[in-house]
Structures are given as structure tokens and as C-alpha cells.
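Chemist: The file below is coords-v4.csv, CSV, C-alpha atoms and all ligand atoms:
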```csv
chain,number,residue,atom,x,y,z
Z,1,MET,CA,169.1,74.6,96.1
Z,2,HIS,CA,168.9,70.9,96.4
Z,3,ILE,CA,165.7,70.7,94.3
Z,4,GLN,CA,167.2,73.1,91.8
Z,5,SER,CA,170.3,71.0,91.3
Z,6,TYR,CA,168.3,67.8,91.1
Z,7,THR,CA,166.0,69.3,88.5
Z,8,HIS,CA,169.1,70.4,86.6
Z,9,SER,CA,170.7,67.0,86.5
Z,10,LEU,CA,167.3,65.4,85.6
Z,11,VAL,CA,167.0,67.7,82.6
Z,12,VAL,CA,170.6,66.9,81.6
Z,13,ALA,CA,170.0,63.2,81.9
Z,14,ILE,CA,166.8,63.4,79.8
Z,15,LEU,CA,168.7,65.5,77.1
Z,16,ALA,CA,171.6,63.1,77.1
Z,17,ALA,CA,169.4,60.0,77.0
Z,18,SER,CA,167.4,61.3,74.0
Z,19,THR,CA,170.7,62.1,72.2
Z,20,THR,CA,171.9,58.6,72.9
Z,21,ILE,CA,168.7,57.1,71.5
Z,22,GLN,CA,169.2,59.1,68.4
Z,23,LEU,CA,172.8,58.0,68.1
Z,24,CYS,CA,171.8,54.4,68.5
Z,25,ALA,CA,169.1,54.5,66.0
Z,26,GLY,CA,171.3,53.1,63.2
Z,27,ALA,CA,173.3,50.8,65.3
Z,28,VAL,CA,173.2,47.0,65.4
Z,29,VAL,CA,170.8,45.9,68.2
Z,30,ASN,CA,172.9,44.4,70.9
Z,31,PRO,CA,171.7,44.6,74.5
Z,32,VAL,CA,175.2,44.6,76.0
Z,33,GLU,CA,176.3,47.6,74.0
Z,34,PRO,CA,176.9,50.7,76.0
Z,35,PRO,CA,175.2,53.9,74.7
Z,36,GLY,CA,176.5,55.7,71.7
Z,37,ILE,CA,178.0,52.8,69.7
Z,38,ARG,CA,177.8,53.0,65.9
Z,39,GLY,CA,178.0,49.9,63.7
Z,40,ILE,CA,181.6,49.0,63.2
Z,41,ASN,CA,182.7,46.7,60.5
Z,42,PHE,CA,185.4,44.8,62.3
Z,43,GLU,CA,186.2,42.4,59.4
Z,44,LYS,CA,186.5,45.2,57.0
Z,45,ASN,CA,188.7,47.3,59.2
Z,46,LEU,CA,190.9,44.3,59.9
Z,47,GLU,CA,191.2,43.5,56.2
Z,48,ARG,CA,192.2,47.1,55.4
Z,49,ASN,CA,194.8,47.1,58.2
Z,50,ALA,CA,196.1,43.8,57.2
Z,51,LYS,CA,196.7,45.0,53.7
Z,52,ARG,CA,198.5,48.0,55.1
Z,53,LEU,CA,200.5,45.9,57.5
Z,54,ASP,CA,204.1,47.0,57.3
Z,55,LEU,CA,206.7,44.9,59.0
Z,56,LYS,CA,209.6,47.2,59.1
Z,57,ASN,CA,211.4,44.7,61.1
Z,58,LYS,CA,214.5,46.4,62.3
Z,59,LYS,CA,215.5,43.7,64.7
Z,60,ASN,CA,218.8,42.1,64.7
Z,61,LEU,CA,218.8,38.7,66.5
Z,62,GLY,CA,222.4,39.2,67.3
Z,63,ASP,CA,221.5,42.2,69.4
Z,64,MET,CA,219.4,40.0,71.6
Z,65,ALA,CA,222.1,38.0,73.3
Z,66,ALA,CA,225.0,40.4,72.9
Z,67,GLY,CA,223.3,43.8,73.3
Z,68,ILE,CA,222.1,43.3,76.8
Z,69,PRO,CA,224.1,45.7,78.9
Z,70,ARG,CA,224.8,44.0,82.2
Z,71,GLU,CA,226.6,46.8,84.0
Z,72,LYS,CA,224.5,49.8,85.0
Z,73,GLU,CA,220.9,49.8,83.8
Z,74,GLN,CA,220.2,52.8,81.8
Z,75,LYS,CA,216.5,53.7,81.4
Z,76,TYR,CA,215.5,52.5,78.0
Z,77,PHE,CA,212.2,54.3,77.4
Z,78,GLN,CA,212.6,58.1,77.3
Z,79,GLU,CA,210.0,60.7,78.0
Z,80,PRO,CA,210.3,64.3,76.8
Z,81,GLY,CA,212.2,66.5,79.2
Z,82,VAL,CA,209.1,68.5,80.0
Z,83,ALA,CA,207.1,68.6,83.3
Z,84,ALA,CA,203.9,66.5,83.2
Z,85,ALA,CA,204.8,65.0,79.8
Z,86,GLY,CA,205.5,61.5,81.4
Z,87,HIS,CA,202.8,59.9,79.2
Z,88,TYR,CA,204.4,60.8,75.9
Z,89,ASP,CA,207.3,59.0,74.2
Z,90,GLY,CA,210.2,61.3,73.9
Z,91,ARG,CA,210.8,60.5,70.2
Z,92,TYR,CA,207.3,61.4,69.0
Z,93,TYR,CA,206.3,64.1,71.4
Z,94,ILE,CA,205.5,67.4,69.7
Z,95,GLY,CA,203.4,69.0,72.4
Z,96,PHE,CA,200.5,68.2,74.7
Z,97,VAL,CA,197.3,67.2,72.9
Z,98,THR,CA,193.8,68.3,73.9
Z,99,ASP,CA,191.7,66.1,76.2
Z,100,LYS,CA,189.5,65.3,73.3
Z,101,GLU,CA,192.4,64.3,71.0
Z,102,ARG,CA,194.0,62.3,73.9
Z,103,GLN,CA,190.8,60.3,74.4
Z,104,ARG,CA,190.4,59.7,70.6
Z,105,THR,CA,194.1,58.7,70.3
Z,106,LEU,CA,193.9,56.3,73.3
Z,107,THR,CA,190.8,54.7,72.0
Z,108,HIS,CA,192.4,53.9,68.7
Z,109,LEU,CA,195.7,52.9,70.4
Z,110,ILE,CA,193.9,50.1,72.3
Z,111,ARG,CA,191.8,49.2,69.3
Z,112,ALA,CA,194.8,48.9,67.1
Z,113,TRP,CA,196.6,46.9,69.8
Z,114,LEU,CA,193.7,44.5,70.2
Z,115,GLN,CA,193.3,44.1,66.5
Z,116,TRP,CA,197.0,43.6,65.8
Z,117,THR,CA,197.6,41.1,68.6
Z,118,GLN,CA,194.5,39.1,67.7
Z,119,SER,CA,195.5,39.0,64.1
Z,120,GLN,CA,198.9,37.6,65.1
Z,121,GLY,CA,197.5,35.2,67.7
Z,122,ILE,CA,199.3,37.1,70.5
Z,123,GLU,CA,197.8,36.7,73.9
Z,124,THR,CA,197.4,39.9,76.0
Z,125,TRP,CA,194.9,41.2,78.5
Z,126,LEU,CA,193.9,44.6,80.1
Z,127,ALA,CA,195.5,45.7,83.3
Z,128,HIS,CA,195.5,48.4,86.0
Z,129,GLY,CA,193.5,51.5,85.1
Z,130,THR,CA,192.5,50.2,81.8
Z,131,LEU,CA,191.0,47.1,83.4
Z,132,LEU,CA,189.2,49.3,85.8
Z,133,GLY,CA,187.8,51.3,82.9
Z,134,TRP,CA,186.5,48.1,81.4
Z,135,TRP,CA,184.9,47.1,84.7
Z,136,TRP,CA,182.9,50.3,84.8
Z,137,ASN,CA,181.6,50.5,81.3
Z,138,ASN,CA,183.9,48.8,78.7
Z,139,HIS,CA,185.6,52.1,78.1
Z,140,ILE,CA,188.8,53.9,78.9
Z,141,LEU,CA,188.4,56.1,82.0
Z,142,PRO,CA,188.1,59.6,80.5
Z,143,TRP,CA,190.8,61.0,82.7
Z,144,ASP,CA,193.4,58.3,81.9
Z,145,THR,CA,196.5,59.5,80.2
Z,146,ASP,CA,197.9,56.1,79.3
Z,147,LEU,CA,196.9,52.5,78.9
Z,148,ASP,CA,198.2,49.2,80.4
Z,149,VAL,CA,198.2,45.7,79.1
Z,150,GLN,CA,199.9,42.6,80.3
Z,151,MET,CA,201.1,39.3,78.8
Z,152,SER,CA,203.0,36.2,79.8
Z,153,GLU,CA,206.8,36.2,79.7
Z,154,ALA,CA,206.7,33.7,76.8
Z,155,THR,CA,204.6,36.1,74.8
Z,156,LEU,CA,206.9,38.9,75.6
Z,157,LYS,CA,209.9,36.9,74.4
Z,158,HIS,CA,208.0,36.1,71.2
Z,159,LEU,CA,207.4,39.8,70.6
Z,160,ALA,CA,211.0,40.7,71.5
Z,161,GLU,CA,212.4,38.2,69.0
Z,162,ASN,CA,210.0,38.7,66.2
Z,163,PHE,CA,208.3,42.0,66.3
Z,164,ASN,CA,210.6,44.5,67.9
Z,165,MET,CA,210.5,47.9,66.2
Z,166,THR,CA,207.8,46.9,63.8
Z,167,THR,CA,205.1,49.4,62.7
Z,168,TRP,CA,201.5,48.6,62.2
Z,169,SER,CA,199.6,51.0,60.0
Z,170,TYR,CA,196.1,51.4,61.1
Z,171,ASP,CA,193.1,52.8,59.2
Z,172,PHE,CA,189.8,53.0,61.0
Z,173,GLU,CA,187.3,53.8,58.3
Z,174,GLU,CA,184.3,54.9,60.5
Z,175,ASP,CA,186.3,57.7,62.1
Z,176,ASN,CA,188.5,58.4,59.1
Z,177,PHE,CA,191.4,57.8,61.5
Z,178,ARG,CA,194.8,56.7,60.2
Z,179,ARG,CA,197.9,56.2,62.4
Z,180,ASP,CA,201.1,54.3,62.6
Z,181,TYR,CA,201.9,52.4,65.7
Z,182,LEU,CA,205.4,51.3,66.8
Z,183,LEU,CA,206.1,48.3,68.9
Z,184,ASP,CA,209.2,48.8,70.9
Z,185,ILE,CA,210.4,46.1,73.3
Z,186,ASN,CA,212.8,47.1,76.2
Z,187,PRO,CA,216.0,45.1,75.9
Z,188,TYR,CA,216.0,44.9,79.7
Z,189,TRP,CA,212.9,42.7,79.4
Z,190,VAL,CA,215.3,39.7,79.9
Z,191,SER,CA,215.8,40.7,83.5
Z,192,ARG,CA,212.7,39.8,85.4
Z,193,VAL,CA,213.6,41.5,88.7
Z,194,ARG,CA,212.8,45.1,89.7
Z,195,GLY,CA,216.5,46.1,89.6
Z,196,THR,CA,217.1,49.8,89.7
Z,197,SER,CA,213.4,50.2,88.7
Z,198,ALA,CA,214.5,52.2,85.6
Z,199,ASN,CA,213.0,49.5,83.3
Z,200,LEU,CA,209.8,48.3,84.9
Z,201,ILE,CA,208.0,48.6,81.6
Z,202,ASP,CA,208.8,45.8,79.1
Z,203,GLY,CA,207.4,47.4,76.0
Z,204,ARG,CA,205.5,50.2,74.4
Z,205,TRP,CA,202.9,50.4,71.7
Z,206,ILE,CA,203.3,54.0,70.5
Z,207,ASP,CA,201.1,56.3,68.5
Z,208,LYS,CA,203.8,57.9,66.3
Z,209,SER,CA,201.7,61.0,65.6
Z,210,THR,CA,201.4,62.1,69.3
Z,211,GLY,CA,203.8,59.9,71.3
Z,212,LEU,CA,201.0,58.6,73.5
Z,213,PHE,CA,201.4,54.9,74.2
Z,214,ILE,CA,200.3,51.7,75.8
Z,215,ASP,CA,202.6,50.3,78.5
Z,216,ILE,CA,203.2,46.6,78.0
Z,217,THR,CA,204.4,44.5,80.9
Z,218,GLY,CA,205.2,40.8,81.1
Z,219,LEU,CA,204.4,38.5,84.0
Z,220,SER,CA,206.9,35.9,85.1
Z,221,GLU,CA,207.1,33.2,87.7
Z,222,THR,CA,210.0,34.8,89.4
Z,223,HIS,CA,210.2,32.5,92.5
Z,224,VAL,CA,209.6,29.1,91.1
Z,225,VAL,CA,210.7,27.3,94.3
Z,226,THR,CA,209.5,29.6,97.1
Z,227,SER,CA,206.3,30.8,95.4
Z,228,PRO,CA,205.3,28.5,92.6
Z,229,GLY,CA,202.3,29.6,90.5
Z,230,VAL,CA,202.8,33.2,91.4
Z,231,LEU,CA,203.3,35.6,88.5
Z,232,SER,CA,204.9,38.9,89.0
Z,233,CYS,CA,205.6,42.0,86.9
Z,234,LYS,CA,208.8,44.0,87.4
Z,235,ASN,CA,206.8,46.5,89.5
Z,236,LEU,CA,206.0,43.7,91.8
Z,237,HIS,CA,202.3,43.3,91.2
Z,238,ARG,CA,201.6,39.7,92.0
Z,239,TYR,CA,198.9,37.3,90.7
Z,240,LYS,CA,198.2,33.7,91.2
Z,241,THR,CA,198.3,31.9,87.8
Z,242,LYS,CA,194.6,30.9,88.3
Z,243,GLU,CA,193.7,34.5,88.9
Z,244,ILE,CA,194.9,35.3,85.4
Z,245,TYR,CA,194.0,32.1,83.5
Z,246,PRO,CA,191.8,31.2,81.8
Z,247,LEU,CA,191.3,34.7,80.4
Z,248,ARG,CA,187.8,36.0,79.9
Z,249,GLU,CA,186.7,37.3,76.6
Z,250,VAL,CA,185.1,40.7,76.9
Z,251,GLU,CA,184.3,43.9,75.0
Z,252,PHE,CA,186.5,47.0,75.3
Z,253,GLU,CA,186.1,50.1,73.3
Z,254,GLU,CA,183.8,48.1,71.1
Z,255,PHE,CA,186.5,45.6,70.3
Z,256,LYS,CA,187.1,42.1,71.5
Z,257,ALA,CA,189.5,42.0,74.4
Z,258,TYR,CA,190.6,39.8,77.3
Z,259,VAL,CA,190.7,40.3,81.0
Z,260,PRO,CA,192.1,38.2,83.9
Z,261,ASN,CA,189.9,35.4,85.2
Z,262,SER,CA,189.7,37.0,88.7
Z,263,TYR,CA,189.6,40.6,87.5
Z,264,GLU,CA,187.8,41.8,90.6
Z,265,LYS,CA,190.4,40.4,92.9
Z,266,ALA,CA,193.2,41.9,90.8
Z,267,LEU,CA,191.5,45.3,90.9
Z,268,ILE,CA,190.8,45.1,94.7
Z,269,LYS,CA,194.4,44.3,95.4
Z,270,GLU,CA,195.5,47.3,93.4
Z,271,TYR,CA,192.8,49.9,94.1
Z,272,ARG,CA,190.9,48.6,97.1
Z,273,SER,CA,187.1,47.9,96.8
Z,274,ARG,CA,186.7,51.7,96.8
Z,275,ALA,CA,187.4,51.5,93.1
Z,276,PHE,CA,184.0,49.9,92.6
Z,277,THR,CA,182.0,52.2,94.9
Z,278,GLN,CA,183.5,55.6,94.5
Z,279,THR,CA,181.4,57.5,91.9
Z,280,GLU,CA,183.3,60.7,91.9
Z,281,PHE,CA,186.9,60.8,90.6
Z,282,SER,CA,189.3,63.2,89.0
Z,283,LYS,CA,186.6,65.9,88.3
Z,284,HIS,CA,184.2,63.2,86.9
Z,285,ASP,CA,180.9,61.8,88.2
Z,286,TRP,CA,179.6,58.4,87.4
Z,287,GLN,CA,176.2,58.8,85.8
Z,288,PRO,CA,174.4,55.4,86.2
Z,289,ALA,CA,171.6,56.4,83.8
Z,290,LEU,CA,174.1,57.0,81.1
Z,291,GLY,CA,176.6,54.4,82.1
Z,292,LEU,CA,179.3,57.0,81.6
Z,293,TRP,CA,181.8,59.0,83.6
Z,294,VAL,CA,180.8,62.6,82.9
Z,295,GLN,CA,183.1,65.5,83.4
Z,296,LYS,CA,181.7,67.6,86.2
Z,297,THR,CA,182.4,71.1,85.0
Z,298,ARG,CA,180.4,70.6,81.9
Z,299,PHE,CA,177.1,70.2,83.9
Z,300,GLN,CA,177.9,72.3,86.9
Z,301,PRO,CA,175.1,74.8,87.5
Z,302,GLU,CA,176.2,78.4,87.2
Z,303,LYS,CA,174.5,81.6,88.2
Z,304,LEU,CA,174.9,85.0,86.6
Z,305,TYR,CA,175.4,87.9,88.9
Z,306,ASN,CA,175.0,91.5,87.7
Z,307,PHE,CA,177.0,94.1,89.4
Z,308,ARG,CA,176.3,97.7,89.7
Z,309,ASN,CA,179.2,98.6,87.5
Z,310,GLY,CA,177.4,96.8,84.7
Z,311,LYS,CA,179.7,93.8,84.8
Z,312,MET,CA,178.3,90.3,84.9
Z,313,MET,CA,180.0,87.3,86.3
Z,314,LYS,CA,179.3,83.6,86.3
Z,315,VAL,CA,179.6,82.0,89.7
Z,316,LYS,CA,179.2,78.3,90.2
Z,317,VAL,CA,176.2,77.6,92.4
Z,318,GLU,CA,178.3,75.1,94.4
Z,319,ASP,CA,181.3,77.4,94.6
Z,320,PRO,CA,182.1,77.7,98.3
Z,321,ARG,CA,183.8,81.0,97.6
Z,322,GLY,CA,180.5,82.4,96.5
Z,323,LEU,CA,180.6,86.1,96.0
Z,324,GLU,CA,184.1,86.4,97.4
Z,325,ALA,CA,185.2,85.3,94.0
Z,326,VAL,CA,184.4,88.7,92.6
Z,327,PRO,CA,187.6,90.4,91.6
Z,328,PRO,CA,188.3,93.7,93.2
Z,329,PRO,CA,187.7,96.7,90.9
Z,330,THR,CA,190.6,98.0,89.0
Z,331,PHE,CA,192.0,101.5,89.5
Z,332,TRP,CA,190.1,102.8,86.4
Z,333,GLN,CA,186.9,101.3,87.5
Z,334,LEU,CA,187.1,103.0,90.8
Z,335,LEU,CA,187.9,106.3,89.1
Z,336,TRP,CA,184.9,105.8,86.8
Z,337,ARG,CA,182.6,105.1,89.7
Z,338,LEU,CA,183.8,108.1,91.5
Z,339,PHE,CA,183.0,110.2,88.5
Z,340,TYR,CA,179.6,108.5,87.9
Z,341,TRP,CA,178.4,109.0,91.5
I,401,LIG,C1,214.5,46.7,69.9
I,401,LIG,O1,215.1,47.6,68.9
I,401,LIG,C2,215.7,48.7,69.4
I,401,LIG,C3,216.2,49.5,68.3
I,401,LIG,O2,217.0,48.8,67.4
I,401,LIG,C4,216.9,48.3,70.3
I,401,LIG,O3,217.5,49.4,70.9
I,401,LIG,C5,216.3,47.4,71.4
I,401,LIG,O4,217.4,46.9,72.2
I,401,LIG,C6,215.6,46.2,70.8
I,401,LIG,N1,214.9,45.4,71.8
I,401,LIG,C7,215.1,44.1,72.0
I,401,LIG,C8,214.4,43.4,73.0
I,401,LIG,O5,215.9,43.5,71.3
```
Show me, as C-alpha cells, the structure contained in the file I just sent.
Modeler:
Amino acid sequence: MHIQSYTHSLVVAILAASTTIQLCAGAVVNPVEPPGIRGINFEKNLERNAKRLDLKNKKNLGDMAAGIPREKEQKYFQEPGVAAAGHYDGRYYIGFVTDKERQRTLTHLIRAWLQWTQSQGIETWLAHGTLLGWWWNNHILPWDTDLDVQMSEATLKHLAENFNMTTWSYDFEEDNFRRDYLLDINPYWVSRVRGTSANLIDGRWIDKSTGLFIDITGLSETHVVTSPGVLSCKNLHRYKTKEIYPLREVEFEEFKAYVPNSYEKALIKEYRSRAFTQTEFSKHDWQPALGLWVQKTRFQPEKLYNFRNGKMMKVKVEDPRGLEAVPPPTFWQLLWRLFYW
């Protein structure tokens, strides 16, 4: 059985590798590129998007000072009142999207974010699971349901004062993909402590077609006297200033991005070193030959069993239930067998 499953994965790896080579044939030669990248005209895409830039600036500076409710903190960002829909913005949720659509939407969410922030000179870097995805292969982890970025408190203030409720129209020619993204800054951003924990997220970059979003959090030096040089988000993830700065320029989802200076330290603090060694997670296997996380079920070997009643059933070779997974015959099947025999 071992040899069999080994042969199987070998065949799969060879197949996948040859597909990759075919895909890469027309791409720009660049040794750091992960497999499967097509040529992307960054300049052209940016130009198109800049032309379509739509600053529907609904902000009202008066709101900023006056509108901060000091009494009881209400949760600002709302999710749909549906179980397991916590990664959708309540205003734009129209139902769950498929895995494929989610991955496509998230990829463009982050690309649009990187492109917009860079075009505006806004400093931001990858955080949490998104940073971990970058560490593995410059891509979003395929099972991720949302994305995380961080920024300084000063940048957050800049966004709150100048870009709240603005929409960025995005057009990605290579995929024929058009979306509108809304930047929404939580008015409770001015409070830099955890508080009731209803408003840990300072902002969202929202895909208006699906409600999927990027969580934006600011880092502040919350204890200038007792812990100088320590930056903290409202969910109490702490970093030394020199762990973040100077930022490192990297590539993420085929776009230019930034990560904290000591990204490994940040990741180990959050996920333990296991995050770098565990090659099996959330029904995915890390395939070093491909440099990809591959969904397990897709390649899981199956065996066809023929039953005497003429039925066939696929049973996973690794399925510990084995033949016990065979459903009991129905009443009519039993009757038929009785008749037959
Ligand atoms: C952003 O705009 C929304 C809608 O007008 C408003 O509710 C919110 O308080 C604003 N956020 C900030 C930081 O001003």
C-alpha cells in the first residue's frame, strides 16, 4: 500500500510539473517566481485602475471629533446574522461563495489593496495568516477566509481623515476581473486600547460584490513610558519597533508587498515554530516539488468496490472505516435479493 500511494503521488507530481511548465512557457523568466505565473502588466493595470479611481469621499471631518461615541462601545463592523458567515461584511453579503470564487476574490482583494496603497504612498504590511502564506510560497493560504494587513497609527489616522468610505474601482485585465472595493474605517480607531473588544479591527477593505474583506489594524505605542518602542494592536499582538521597521519589500500574489523586518519572529510569536514545519493543515498538504499547498481530497487514492447487488462504491484507500462505510441495503434491495436468490 505504501508503494502504491507513493507511485500515485509521483505520477501526480509529474503531471502537475508538466502542466506547470506548459503554463510558464509564455511567462517572463524570473527565477524567484513560483510556478504558474503569467506575465502581468503591472503598469498597465495600474494605469487603468487609476483612470477608474473614484473617490466617492463621503467623509465629514466634523464627524471625526464629534461622532465618537464615548459611552458604550457598539460594534462598528457588522457581519451577516448567519452562522459561519463571520468573514463576510453584513452590507454586501449575498450568500457563501464557492472555494474557488473565494480564492479568486481574496487574491484580487489583496492585489487591489497593494496597488491602491502603493499608488497613494500609504505604508502597509502583511500580517497574521496572510504573512504566513507569504512565508510559504508568496501566496494566500488556500484555506484562508480573510486577509490581514497592518499599518502604523499615523497611517491609520491619515486613512480615517482622508479616505474613509472611498471606493476604488479595480480592473484586472489578465483575468477580466472587475470589482469595487470600499475602504471603511472604524470610528473607534481613535481608542487604542482593547476596550470591550467589540472594535479590535480598525478598518476593512471590502469587496462589494461578495462582502469578503481584508482586516486592517493599526499598531500604536500604547505604553510610551512603561514600554517604549513597543507597538501593539487592539487585540494585544505586540511588536518591538525594530521587529517591524525597516519593512522588507517582497512579492505577494505576484504584486509588490511589504512584510515586517523580523517576520519570522512575528510568526513564531503568533503561531509557534510549528507554523514553519507542519506540512499538513486544514485538509491540505504542502507539496515541496510544486511549492504549493494542495487540497488532499483531490489526490486521495480511491478504490472501486463491486458489490454482489451490482452496486459500486468508491472507498478511499486510506479510509480507516474501510468496508464498514458500505451503507446497509434498503428494504427494497433486500426484497429484490430475496427474490433473486
Ligand atoms: C467612516 O464613514 C462612516 C459612514 O459615514 C461613519 O459611520 C464612520 O464613523 C466613519 N469613520 C471615521 C473614522 O470617521
Chemist: With only C-alpha atoms and all ligand atoms as the basis for distance, which of Z:Lys296, Z:Lys303, Z:His87, Z:Lys75 is at the shortest distance from ligand LIG 401 (chain I)?
Modeler: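 Ranked by minimum distance to ligand LIG 401 (chain I), first place goes to Z:Lys75.
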Chemist: Name the residues in contact with Gly129 in chain Z at a cut-off of 9 Å, using only C-alpha atoms, excluding same-chain residues fewer than 2 positions from it; report them as a PyMOL selection string.
Modeler: chain Z and resi 126-127+131-134+140-141+144+146-148+267
Chemist: Could you work out how far CA of Arg91 in chain Z lies from CA of Met165 in chain Z, giving the answer in Å with one decimal?
Modeler: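 Rounded to one decimal, the two atoms are 13.2 Å apart.
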Chemist: Please, what distance in Å, to one decimal, runs between CA of Gly218 in chain Z and CA of Gly203 in chain Z?
Modeler: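 Pair CA of Gly218 in chain Z / CA of Gly203 in chain Z returns 8.6 Å.
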Chemist: Have a look at Z:Lys44, Z:Arg204, Z:Lys314, Z:His128 and name the one nearest to Glu264 in chain Z; count only C-alpha atoms.
Modeler: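 So, comparing all the options, the nearest one is Z:His128.
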Chemist: Which one of Z:Thr145, Z:Thr330, Z:Thr130, Z:Ser169 sits closest to Gly211 in chain Z if you count only C-alpha atoms?
Modeler: Z:Thr145
Chemist: With only C-alpha atoms as the atoms that count, which of Z:Phe307, Z:Thr279, Z:Ile122, Z:Ile244 lies nearest to Gly291 in chain Z?
Modeler: Z:Thr279
Chemist: What does the structure give for the distance between CA of Phe77 in chain Z and CA of Gly90 in chain Z, in Å to one decimal?
Modeler: 8.1 Å
Chemist: List the neighbours of Trp293 in chain Z out to 12 Å using all atoms listed in the file; skip same-chain residues closer than 2 positions along the sequence, and give me the result as a ChimeraX atom specification.
Modeler: /Z:133,136-144,278-291,295-296,298
Chemist: Please dump the current selection as a short mmCIF file (atom, residue, chain, number, x, y, z; two decimals), in the coordinates of the input; keep C-alpha atoms.
Modeler:
```cif
data_model
loop_
_atom_site.label_atom_id
_atom_site.label_comp_id
_atom_site.auth_asym_id
_atom_site.auth_seq_id
_atom_site.Cartn_x
_atom_site.Cartn_y
_atom_site.Cartn_z
CA GLY Z 133 187.80 51.30 82.90
CA TRP Z 136 182.90 50.30 84.80
CA ASN Z 137 181.60 50.50 81.30
CA ASN Z 138 183.90 48.80 78.70
CA HIS Z 139 185.60 52.10 78.10
CA ILE Z 140 188.80 53.90 78.90
CA LEU Z 141 188.40 56.10 82.00
CA PRO Z 142 188.10 59.60 80.50
CA TRP Z 143 190.80 61.00 82.70
CA ASP Z 144 193.40 58.30 81.90
CA GLN Z 278 183.50 55.60 94.50
CA THR Z 279 181.40 57.50 91.90
CA GLU Z 280 183.30 60.70 91.90
CA PHE Z 281 186.90 60.80 90.60
CA SER Z 282 189.30 63.20 89.00
CA LYS Z 283 186.60 65.90 88.30
CA HIS Z 284 184.20 63.20 86.90
CA ASP Z 285 180.90 61.80 88.20
CA TRP Z 286 179.60 58.40 87.40
CA GLN Z 287 176.20 58.80 85.80
CA PRO Z 288 174.40 55.40 86.20
CA ALA Z 289 171.60 56.40 83.80
CA LEU Z 290 174.10 57.00 81.10
CA GLY Z 291 176.60 54.40 82.10
CA GLN Z 295 183.10 65.50 83.40
CA LYS Z 296 181.70 67.60 86.20
CA ARG Z 298 180.40 70.60 81.90
#
```
Chemist: Measuring atom to atom with all atoms listed in the file, identify which of Z:Trp135, Z:Trp189, Z:Phe177, Z:Phe331 is nearest to ligand LIG 401 (chain I).
Modeler: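 Nearest to ligand LIG 401 (chain I): Z:Trp189.
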Chemist: I'd like to know which of Z:Gly86, Z:Pro246, Z:Gly229, Z:Pro187 is closest to ligand LIG 401 (chain I), using only C-alpha atoms and all ligand atoms.
Modeler: Z:Pro187
Chemist: Counting only C-alpha atoms, what is within 12 Å of Tyr76 in chain Z, bar same-chain residues fewer than 2 positions away, as a PDB file with C-alpha atoms, keeping the file's coordinate frame?
Modeler:
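Final output, saved to selection.pdb:
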```
ATOM      1  CA  ILE Z  68     222.100  43.300  76.800  1.00  0.00           C
ATOM      2  CA  PRO Z  69     224.100  45.700  78.900  1.00  0.00           C
ATOM      3  CA  LYS Z  72     224.500  49.800  85.000  1.00  0.00           C
ATOM      4  CA  GLU Z  73     220.900  49.800  83.800  1.00  0.00           C
ATOM      5  CA  GLN Z  74     220.200  52.800  81.800  1.00  0.00           C
ATOM      6  CA  GLN Z  78     212.600  58.100  77.300  1.00  0.00           C
ATOM      7  CA  GLU Z  79     210.000  60.700  78.000  1.00  0.00           C
ATOM      8  CA  ASP Z  89     207.300  59.000  74.200  1.00  0.00           C
ATOM      9  CA  GLY Z  90     210.200  61.300  73.900  1.00  0.00           C
ATOM     10  CA  ASP Z 184     209.200  48.800  70.900  1.00  0.00           C
ATOM     11  CA  ILE Z 185     210.400  46.100  73.300  1.00  0.00           C
ATOM     12  CA  ASN Z 186     212.800  47.100  76.200  1.00  0.00           C
ATOM     13  CA  PRO Z 187     216.000  45.100  75.900  1.00  0.00           C
ATOM     14  CA  TYR Z 188     216.000  44.900  79.700  1.00  0.00           C
ATOM     15  CA  TRP Z 189     212.900  42.700  79.400  1.00  0.00           C
ATOM     16  CA  SER Z 197     213.400  50.200  88.700  1.00  0.00           C
ATOM     17  CA  ALA Z 198     214.500  52.200  85.600  1.00  0.00           C
ATOM     18  CA  ASN Z 199     213.000  49.500  83.300  1.00  0.00           C
ATOM     19  CA  LEU Z 200     209.800  48.300  84.900  1.00  0.00           C
ATOM     20  CA  ILE Z 201     208.000  48.600  81.600  1.00  0.00           C
ATOM     21  CA  ASP Z 202     208.800  45.800  79.100  1.00  0.00           C
ATOM     22  CA  GLY Z 203     207.400  47.400  76.000  1.00  0.00           C
ATOM     23  CA  ARG Z 204     205.500  50.200  74.400  1.00  0.00           C
TER      24      ARG Z 204
END
```
